[in-house]
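**Q** Quick one: structure below, then a few questions.
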Amino acid sequence: MGVYAITGGSSGIGAKTVELLKSQGHEVVNIDLRKCDVEADLSNPEGCQKAVDELHRLHPEGLDGLICCAGVSGACGNLKLIVSLNFFGTIALVKGTFDLLKKKGGTCVVTTSNTISHGAARMDIADLLNNNNDDEQRILNLVSNMDGTNLSVGNSIYVSTKYAVARWMRRHSASYAANGVRINTVAPGNVNTAMTATMSANAKMALNALPIPTKYGKETLMDPEEIASAITFLVSREARGVNGIIMFVDGGTDALLNTEKVY
């Protein structure tokens with residue numbers, strides 16, 4: 001059986017992914033703020049380095065997979081946290097564990113969001129993240145001057161980070177695969193998690209405005225297991241021919257909103 005590392009595995013999609021992988025007999029190292037195997041704050045470089053170092057100590061022989069689920073929503077009210085955790089923390093973990101994944105021909109799955117196709121991203125921010133990601137402090141200073149209490153602003157920064165992560169994955173997928181490491185992205189729709197449960201009334205209203213075809217006629221969001229099942233497929237040998245894709249796992253929302261897009 002394999003050895004997998006996961007960020008944000010203490011709740012929501014991450015927790016369900018841990019459960020599924022363990023049920024298949026795999027060993028899973030959960031990196032999170034609490035109730036985990038490795039406690040690390042991935043919103044800062046020190047926390048990221050701590051997680052990377054601990055994974056090298058625990059499994060110097062390598063990893064079969066890395067799954068990045070840790071993140072915060074646009075409704076959290078902290079724009080710098082959204083950028084630091086959703087983008088910089090994610091990229092730091094992928095880069096920091098590349099050598100471990102390479103040792104075992106492992107695979108990486110990064111969680112983004114189906115909102116990346118809805119046109120709400122600030123492309124200037126996404127471009128800065130992708131093209132100047134060695135200058136984190138400059139970008140954090142920029143977003144700190146924006147209104148974090150405005151839900152639309154928070155959402156635009158959230159989508160920008162997810163867009164940038166997806167694009168980063170696409171840019172690196174060929175070179176990673178050439179070195180034996182597959183990397184893909186899962187773009188979930190609206191999921192019933194602790195993050196969505198604690199949203200404000202306005203945030204929930206915006207969330208519920210997006211239809212989920214597979215949930216038609218039901219007042220419910222998607223179940224975390226629906227996303228976790230896609231993630232466990234992508235890290236499995238059955239998906240060995242899949243690399244560099246953005247898999248929308250949203251019950252058909254993206255297809256409904258973008259019926260004419262085939263690529």
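Identifiers in the structure tokens: chain A, B, ... in order shown; residue index from 1 per chain; ligand index from 1 in order shown.
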Determine which residues of range 1-241 of chain A DSSP labels as helix (DSSP H, G or I) from the backbone of this structure, then write them out as JSON, numbers by chain.
**A** {"A": [12, 13, 14, 15, 16, 17, 18, 19, 20, 21, 22, 23, 45, 46, 47, 48, 49, 50, 51, 52, 53, 54, 55, 56, 57, 58, 79, 80, 81, 82, 83, 84, 85, 86, 87, 88, 89, 90, 91, 92, 93, 94, 95, 96, 98, 99, 100, 101, 102, 103, 114, 115, 116, 117, 123, 124, 125, 126, 127, 128, 129, 130, 131, 136, 137, 138, 139, 140, 141, 142, 143, 144, 151, 152, 153, 154, 155, 156, 157, 158, 159, 160, 161, 162, 163, 164, 165, 166, 167, 168, 169, 170, 171, 172, 173, 174, 175, 176, 177, 178, 194, 195, 196, 197, 201, 202, 203, 204, 205, 206, 207, 208, 213, 214, 215, 224, 225, 226, 227, 228, 229, 230, 231, 232, 233, 234, 237, 238, 239]}
**Q** Restricting the output to C-alpha atoms, write the selected residues as a short mmCIF file (atom, residue, chain, number, x, y, z; two decimals), in the first residue's frame.
**A**
data_model
loop_
_atom_site.label_atom_id
_atom_site.label_comp_id
_atom_site.auth_asym_id
_atom_site.auth_seq_id
_atom_site.Cartn_x
_atom_site.Cartn_y
_atom_site.Cartn_z
CA GLY A 12 -14.31 18.66 5.10
CA ILE A 13 -13.03 17.26 1.82
CA GLY A 14 -9.62 16.56 3.30
CA ALA A 15 -11.01 14.48 6.17
CA LYS A 16 -13.15 12.40 3.82
CA THR A 17 -10.13 11.85 1.56
CA VAL A 18 -8.10 10.62 4.53
CA GLU A 19 -10.92 8.26 5.42
CA LEU A 20 -11.15 6.83 1.91
CA LEU A 21 -7.40 6.35 1.53
CA LYS A 22 -7.12 4.62 4.90
CA SER A 23 -10.04 2.35 4.02
CA PRO A 45 7.01 30.08 5.10
CA GLU A 46 8.14 28.74 8.47
CA GLY A 47 5.10 26.51 8.79
CA CYS A 48 5.50 25.25 5.24
CA GLN A 49 9.16 24.43 5.83
CA LYS A 50 8.27 22.63 9.06
CA ALA A 51 5.78 20.44 7.19
CA VAL A 52 8.26 19.70 4.39
CA ASP A 53 11.03 18.85 6.85
CA GLU A 54 8.75 16.57 8.84
CA LEU A 55 7.66 14.68 5.72
CA HIS A 56 11.31 14.14 4.81
CA ARG A 57 12.00 12.88 8.32
CA LEU A 58 8.99 10.55 8.41
CA LEU A 79 -7.28 38.75 2.28
CA LYS A 80 -3.63 38.17 3.15
CA LEU A 81 -4.51 34.78 4.63
CA ILE A 82 -6.40 33.81 1.48
CA VAL A 83 -3.36 34.57 -0.66
CA SER A 84 -0.77 33.11 1.73
CA LEU A 85 -2.57 29.84 2.37
CA ASN A 86 -4.47 29.15 -0.85
CA PHE A 87 -1.60 29.98 -3.19
CA PHE A 88 1.81 30.34 -1.55
CA GLY A 89 1.31 27.59 1.04
CA THR A 90 0.04 25.17 -1.58
CA ILE A 91 2.89 25.83 -4.01
CA ALA A 92 5.49 25.62 -1.25
CA LEU A 93 4.28 22.15 -0.24
CA VAL A 94 4.27 20.87 -3.81
CA LYS A 95 7.75 22.21 -4.51
CA GLY A 96 9.09 21.07 -1.16
CA PHE A 98 8.75 17.08 -5.29
CA ASP A 99 11.88 15.05 -4.52
CA LEU A 100 9.86 12.69 -2.31
CA LEU A 101 7.23 12.22 -5.01
CA LYS A 102 9.92 11.66 -7.63
CA LYS A 103 11.50 8.86 -5.61
CA ASN A 114 -15.11 25.50 -10.06
CA THR A 115 -15.41 29.28 -9.64
CA ILE A 116 -12.23 29.66 -11.71
CA SER A 117 -14.43 29.45 -14.82
CA MET A 123 -6.62 38.54 -13.45
CA ASP A 124 -4.10 41.19 -12.44
CA ILE A 125 -3.75 39.43 -9.08
CA ALA A 126 -3.64 35.99 -10.69
CA ASP A 127 -0.94 37.20 -13.10
CA LEU A 128 1.11 38.62 -10.23
CA LEU A 129 0.86 35.32 -8.38
CA ASN A 130 1.94 33.29 -11.40
CA ASN A 131 4.62 35.61 -12.73
CA GLU A 136 5.17 37.12 -1.78
CA GLN A 137 5.45 40.15 0.49
CA ARG A 138 4.84 42.59 -2.36
CA ILE A 139 1.61 40.82 -3.28
CA LEU A 140 0.49 40.61 0.34
CA ASN A 141 1.11 44.34 0.76
CA LEU A 142 -1.02 44.98 -2.32
CA VAL A 143 -4.05 42.99 -1.14
CA SER A 144 -3.77 44.38 2.39
CA LEU A 151 -17.61 39.82 0.35
CA SER A 152 -17.24 40.49 -3.37
CA VAL A 153 -13.65 41.58 -2.84
CA GLY A 154 -12.89 38.54 -0.72
CA ASN A 155 -14.46 36.26 -3.30
CA SER A 156 -12.50 37.82 -6.15
CA ILE A 157 -9.22 37.31 -4.30
CA TYR A 158 -10.21 33.74 -3.42
CA VAL A 159 -11.01 32.93 -7.05
CA SER A 160 -7.78 34.63 -8.15
CA THR A 161 -5.71 32.37 -5.90
CA LYS A 162 -7.50 29.26 -7.12
CA TYR A 163 -7.12 30.34 -10.75
CA ALA A 164 -3.40 30.94 -10.18
CA VAL A 165 -2.95 27.54 -8.54
CA ALA A 166 -4.69 25.81 -11.45
CA ARG A 167 -2.55 27.69 -13.96
CA TRP A 168 0.62 26.94 -11.98
CA MET A 169 -0.27 23.25 -12.12
CA ARG A 170 -0.84 23.39 -15.88
CA ARG A 171 2.45 25.16 -16.45
CA HIS A 172 4.42 22.58 -14.46
CA SER A 173 2.52 19.41 -15.39
CA ALA A 174 4.69 18.50 -18.39
CA SER A 175 8.04 18.91 -16.63
CA TYR A 176 6.77 17.13 -13.52
CA ALA A 177 5.46 14.21 -15.58
CA ALA A 178 8.73 14.00 -17.49
CA ALA A 194 -17.63 23.32 8.04
CA MET A 195 -16.34 26.18 5.88
CA THR A 196 -19.66 26.65 4.12
CA ALA A 197 -21.66 26.07 7.31
CA ALA A 201 -26.14 34.84 5.36
CA ASN A 202 -25.05 36.87 2.33
CA ALA A 203 -22.27 34.42 1.51
CA LYS A 204 -24.67 31.47 1.75
CA MET A 205 -27.15 33.26 -0.47
CA ALA A 206 -24.48 33.73 -3.12
CA LEU A 207 -23.43 30.11 -2.73
CA ASN A 208 -26.95 28.78 -3.16
CA PRO A 213 -27.71 19.81 -11.76
CA THR A 214 -27.14 16.52 -9.92
CA LYS A 215 -28.90 18.03 -6.90
CA PRO A 224 -17.43 15.89 0.61
CA GLU A 225 -17.20 12.21 -0.38
CA GLU A 226 -18.12 13.12 -3.96
CA ILE A 227 -14.97 15.24 -4.19
CA ALA A 228 -12.81 12.87 -2.16
CA SER A 229 -13.70 9.99 -4.48
CA ALA A 230 -12.40 11.96 -7.46
CA ILE A 231 -9.20 12.82 -5.59
CA THR A 232 -8.51 9.21 -4.62
CA PHE A 233 -9.05 8.21 -8.24
CA LEU A 234 -6.54 10.77 -9.50
CA ARG A 237 -2.78 3.80 -10.59
CA GLU A 238 -6.04 3.70 -12.53
CA ALA A 239 -5.43 7.38 -13.40
#
**Q** Which of range 53-227 of chain A counts as strand (DSSP E or B) under DSSP, as a list in words please?
**A**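 Here is the list: Gly65, Leu66, Ile67, Cys68, Thr107, Cys108, Val109, Val110, Thr111, Arg182, Ile183, Asn184, Thr185, Val186, Ala187, Pro188, Val191 and Met222 of chain A.
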**Q** Next, dump the selected residues to file, keeping only N, CA, C and O atoms, as an mmCIF file, in the first residue's frame.
**A**
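In the end it all went to out.cif:
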data_model
loop_
_atom_site.group_PDB
_atom_site.id
_atom_site.type_symbol
_atom_site.label_atom_id
_atom_site.label_comp_id
_atom_site.auth_asym_id
_atom_site.auth_seq_id
_atom_site.Cartn_x
_atom_site.Cartn_y
_atom_site.Cartn_z
ATOM 1 N N GLY A 65 1.965 10.026 -2.928
ATOM 2 C CA GLY A 65 1.093 11.105 -3.342
ATOM 3 C C GLY A 65 1.057 12.252 -2.355
ATOM 4 O O GLY A 65 1.303 12.080 -1.157
ATOM 5 N N LEU A 66 0.783 13.439 -2.868
ATOM 6 C CA LEU A 66 0.542 14.630 -2.062
ATOM 7 C C LEU A 66 -0.792 15.207 -2.497
ATOM 8 O O LEU A 66 -1.036 15.399 -3.693
ATOM 9 N N ILE A 67 -1.660 15.488 -1.530
ATOM 10 C CA ILE A 67 -2.978 16.044 -1.803
ATOM 11 C C ILE A 67 -3.109 17.344 -1.023
ATOM 12 O O ILE A 67 -2.968 17.355 0.204
ATOM 13 N N CYS A 68 -3.362 18.437 -1.715
ATOM 14 C CA CYS A 68 -3.440 19.750 -1.077
ATOM 15 C C CYS A 68 -4.894 20.213 -0.987
ATOM 16 O O CYS A 68 -5.485 20.618 -1.996
ATOM 17 N N THR A 107 2.237 11.049 -7.265
ATOM 18 C CA THR A 107 1.343 11.989 -7.947
ATOM 19 C C THR A 107 0.841 13.039 -6.971
ATOM 20 O O THR A 107 0.819 12.820 -5.761
ATOM 21 N N CYS A 108 0.457 14.169 -7.504
ATOM 22 C CA CYS A 108 -0.022 15.285 -6.688
ATOM 23 C C CYS A 108 -1.385 15.732 -7.186
ATOM 24 O O CYS A 108 -1.608 15.815 -8.405
ATOM 25 N N VAL A 109 -2.288 16.001 -6.258
ATOM 26 C CA VAL A 109 -3.594 16.568 -6.592
ATOM 27 C C VAL A 109 -3.792 17.828 -5.761
ATOM 28 O O VAL A 109 -3.666 17.795 -4.536
ATOM 29 N N VAL A 110 -4.076 18.908 -6.446
ATOM 30 C CA VAL A 110 -4.290 20.200 -5.797
ATOM 31 C C VAL A 110 -5.762 20.572 -5.935
ATOM 32 O O VAL A 110 -6.333 20.465 -7.022
ATOM 33 N N THR A 111 -6.361 21.016 -4.857
ATOM 34 C CA THR A 111 -7.772 21.410 -4.887
ATOM 35 C C THR A 111 -7.901 22.890 -5.229
ATOM 36 O O THR A 111 -7.308 23.738 -4.572
ATOM 37 N N ARG A 182 3.053 12.825 -11.718
ATOM 38 C CA ARG A 182 1.834 13.398 -12.285
ATOM 39 C C ARG A 182 1.280 14.461 -11.347
ATOM 40 O O ARG A 182 1.388 14.339 -10.134
ATOM 41 N N ILE A 183 0.679 15.499 -11.933
ATOM 42 C CA ILE A 183 0.047 16.527 -11.114
ATOM 43 C C ILE A 183 -1.243 16.976 -11.780
ATOM 44 O O ILE A 183 -1.270 17.251 -12.980
ATOM 45 N N ASN A 184 -2.323 16.990 -11.009
ATOM 46 C CA ASN A 184 -3.645 17.360 -11.505
ATOM 47 C C ASN A 184 -4.359 18.246 -10.492
ATOM 48 O O ASN A 184 -3.905 18.407 -9.354
ATOM 49 N N THR A 185 -5.477 18.779 -10.925
ATOM 50 C CA THR A 185 -6.271 19.652 -10.071
ATOM 51 C C THR A 185 -7.726 19.194 -10.051
ATOM 52 O O THR A 185 -8.274 18.825 -11.090
ATOM 53 N N VAL A 186 -8.326 19.229 -8.879
ATOM 54 C CA VAL A 186 -9.761 19.002 -8.739
ATOM 55 C C VAL A 186 -10.422 20.340 -8.441
ATOM 56 O O VAL A 186 -9.965 21.094 -7.577
ATOM 57 N N ALA A 187 -11.486 20.645 -9.179
ATOM 58 C CA ALA A 187 -12.206 21.904 -8.990
ATOM 59 C C ALA A 187 -13.603 21.603 -8.446
ATOM 60 O O ALA A 187 -14.536 21.362 -9.221
ATOM 61 N N PRO A 188 -13.766 21.589 -7.131
ATOM 62 C CA PRO A 188 -15.072 21.253 -6.545
ATOM 63 C C PRO A 188 -16.100 22.349 -6.760
ATOM 64 O O PRO A 188 -15.768 23.528 -6.936
ATOM 65 N N VAL A 191 -19.790 22.575 -1.702
ATOM 66 C CA VAL A 191 -19.752 21.368 -0.893
ATOM 67 C C VAL A 191 -20.186 21.667 0.530
ATOM 68 O O VAL A 191 -19.873 22.718 1.089
ATOM 69 N N MET A 222 -23.183 19.606 -2.368
ATOM 70 C CA MET A 222 -22.544 18.329 -2.621
ATOM 71 C C MET A 222 -21.959 17.764 -1.336
ATOM 72 O O MET A 222 -21.661 18.500 -0.384
#
**Q** Which residue is closest to Gly106 in chain A? Choose from A:Asn179, A:Thr7, A:Thr149, A:Ser73 and count only C-alpha atoms.
**A** A:Asn179
**Q** So which residues touch Asp250 in chain A within 6 Å, counting only C-alpha atoms, skipping near sequence neighbours fewer than 2 positions away, as a ChimeraX atom specification?
**A** /A:188-189,248,252-253
**Q** Would you compute the distance between CA of Val262 in chain A and CA of Pro211 in chain A? Give it in Å to one decimal.
**A** 19.6 Å
**Q** Between A:Ala5, A:Leu221, A:Leu33, A:His118, which has the minimum distance to Ala255 in chain A (counting only C-alpha atoms)?
**A**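 Distance minimum relative to Ala255 in chain A lands on A:His118.
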**Q** In Å, how far is it from CA of Leu63 in chain A to CA of Lys104 in chain A?
**A**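 Separating CA of Leu63 in chain A from CA of Lys104 in chain A is a distance of 6.2 Å.
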**Q** Just how far from CA of Arg122 in chain A is CA of Leu210 in chain A, in Å to one decimal?
**A**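 Taking CA of Leu210 in chain A and CA of Arg122 in chain A, their separation equals 19.8 Å.
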